[in-house]
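Below is one structure, written out as structure tokens, with a few remarks after it.
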Amino acid sequence: MGCSLQYSVPYQGMTERISTADLKRMFSEAARCLRDQHQQLSQLDSVAGDGDHGVAMLRTAEQVEAAAQDESSQSPRAFLRDSGGRVLSVDGGASTALLGAFLTGMADAAGESDLDCEMLAAIFESGMNAVSKQTRARPGDKTMVDALAPAVAAIRAAAVSGAPVADTLQQAAAAACAGAESTKALVARYGRAKFQGEKTLGHTDAGAASMALLFHGFCLAFTAQGEMDHGGH
Ligand code: ADP
Ligand code: MG
């Protein structure tokens with residue numbers, strides 16, 4: 001993994017609002033990325049944890065895909081609420097509890113209508129706040145928060161600057177990836193990995209890697225390649 005992921009040129013014909021269908025496509029792409037990399041995620045978790053993170057993310061991906069395919073959820077709020085509930089139901093340990101809180105927190109700030117970049121920033125911040133209520137881990141503690149916090153900050157910065165949706169998500173993906181990379185130089189202070197202390201130095205945190213994959217998937221949903229994969233609009 002790492003930050004060698006290449007993004008294709010953003011698809012310029014995209015509307016500047018994210019519909020429920022767009023949001024479902026973002027999460028479907030994210031689920032596909034988690035599914036594709038789940039073995040590597042378990043390897044990362046086996047360095048300092050119990051080696052089950054890939055399985056947890058595979059189960060998470062299944063639930064997110066099921067939520068995305070459920071046509072009864074027809075608003076951003078309904079889809080995010082359903083996804084959050086499903087991920088919370090996964091028996092996956094610390095990461096799925098935190099991801100479920102993240103999605104549920106996003107749902108709390110989402111409404112019935114399509115999202116503009118300002119609303120996108122607001123729902124991601126609400127998700128981040130929900131995670132911060134569940135854990136004391138902050139950037140620098142070598143957890144998923146090291147990827148999530150800079151990604152959410154990048155979305156807010158892009159919204160303030162009036163960037164298009166595709167650029168916004170590209171900046172978020174790059175920030176999440178850099179955040180995950182940064183965990184190599186950190187010592188774990190939370191989760192199972194904290195018991196390994198200095199031994200965690202030099203290794204990417206598993207949860208930070210999966211968070212970076214999640215944002216990579218969101219971004220892919222708005223690139224020319226992602227559009228081609230899905231036959232365009
Ligand atoms: P478990 O640790 O229960 O086996 P996973 O292996 O699925 O759960 O996920 C491990 C990842 O979850 C870690 O790499 C870290 O990013 C994240 N994590 C674990 N505990 C915490 C915590 N207390 N705060 C924030 N993130 C955590
Ligand atoms: Mg684990």
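Residue numbers start at 1 in each chain; chains themselves are named A, B, ... in the order of the structure tokens; ligands are numbered from 1 in the order shown.
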**OP:** Pick out the residues no farther than 6 Å from ligand 2, counting only C-alpha atoms and all ligand atoms, and list them as JSON, numbers by chain.
**Re:** {"A": [45, 49, 50, 51, 52, 53]}
**OP:** Using only C-alpha atoms and all ligand atoms, determine which residues fall within 6 Å of ligand 1, then list them as an MDAnalysis selection string.
**Re:** chainID A and resid 45 50 52:53 56 92:95 135 137 143:144 190:192 205:208
Original post:
Which of these, A:Met128, A:Ala153, A:Leu115, A:Ala180, has the shortest distance to Gly140 in chain A once you count only C-alpha atoms?
Top reply: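 So, comparing all the options, the nearest one is A:Ala180.
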Subject >> All residues 8 Å or closer to Thr20 in chain A, only C-alpha atoms, same chain fewer than 4 positions away omitted, as a list in words >> reply: Lys24, Gln74, Ser75, Pro76, Phe79 and Asp114 of chain A
**OP:** Determine, counting only C-alpha atoms, which protein, DNA and RNA residues have an atom within 9 Å of an atom of Ala122 in chain A; residues of the same chain fewer than 3 positions away are not included. Present the result as a PyMOL selection string.
**Re:** chain A and resi 106+109-110+117-119+125-127+156
Subject >> Residues near Gln170 in chain A, cut-off 9 Å, only C-alpha atoms, skip fewer than 2 positions along chain, as a VMD selection string >> reply: chain A and resid 7 10 165 to 168 172 to 175 215 to 216 218 to 220 222 to 223
Those same residues, written as a PDB file, in the first residue's frame with C-alpha atoms?
```pdb
ATOM      1  CA  TYR A   7      -5.533   9.142  -9.595  1.00  0.00           C
ATOM      2  CA  PRO A  10     -11.197  14.216 -12.408  1.00  0.00           C
ATOM      3  CA  VAL A 165     -16.184  17.836  -5.572  1.00  0.00           C
ATOM      4  CA  ALA A 166     -13.650  15.728  -7.501  1.00  0.00           C
ATOM      5  CA  ASP A 167     -10.726  17.912  -6.382  1.00  0.00           C
ATOM      6  CA  THR A 168     -12.057  17.955  -2.827  1.00  0.00           C
ATOM      7  CA  ALA A 172      -8.901  14.237   1.083  1.00  0.00           C
ATOM      8  CA  ALA A 173      -7.534  10.954  -0.306  1.00  0.00           C
ATOM      9  CA  ALA A 174      -4.027  12.398  -0.549  1.00  0.00           C
ATOM     10  CA  ALA A 175      -4.243  13.725   3.021  1.00  0.00           C
ATOM     11  CA  PHE A 215     -10.941   7.873   1.122  1.00  0.00           C
ATOM     12  CA  HIS A 216      -9.134   6.509  -1.924  1.00  0.00           C
ATOM     13  CA  PHE A 218     -14.427   7.928  -2.316  1.00  0.00           C
ATOM     14  CA  CYS A 219     -12.090   9.730  -4.682  1.00  0.00           C
ATOM     15  CA  LEU A 220     -12.180   6.978  -7.305  1.00  0.00           C
ATOM     16  CA  PHE A 222     -15.344  10.840  -9.042  1.00  0.00           C
ATOM     17  CA  THR A 223     -12.483  10.189 -11.430  1.00  0.00           C
TER      18      THR A 223
END
```
**OP:** Could you check which of A:Gly85, A:Ala212, A:Asp108, A:Gly197 is closest to Ala151 in chain A, using only C-alpha atoms?
**Re:** A:Ala212
Subject >> Sel. of helix (DSSP H, G or I) residues, range 66-177 of chain A, as a ChimeraX atom specification >> reply: /A:66-69,76-88,94-109,117-134,145-161,165-177
Original post:
Out of A:Ser161, A:Ser42, A:Ser113, A:Thr104, which residue has the shortest atom-to-atom distance to Leu58 in chain A when counting only C-alpha atoms?
Top reply: A:Ser42
Original post:
Closest to Ala154 in chain A among A:Arg138, A:Phe124, A:Ala30, A:Ser182, using only C-alpha atoms?
Top reply: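 Closest to Ala154 in chain A of all the choices is A:Phe124.
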Subject >> Residue contacts of Gln196 in chain A (10 Å, only C-alpha atoms) excluding same-chain residues fewer than 5 positions away, as a ChimeraX atom specification >> reply: /A:47-49,187-189,201
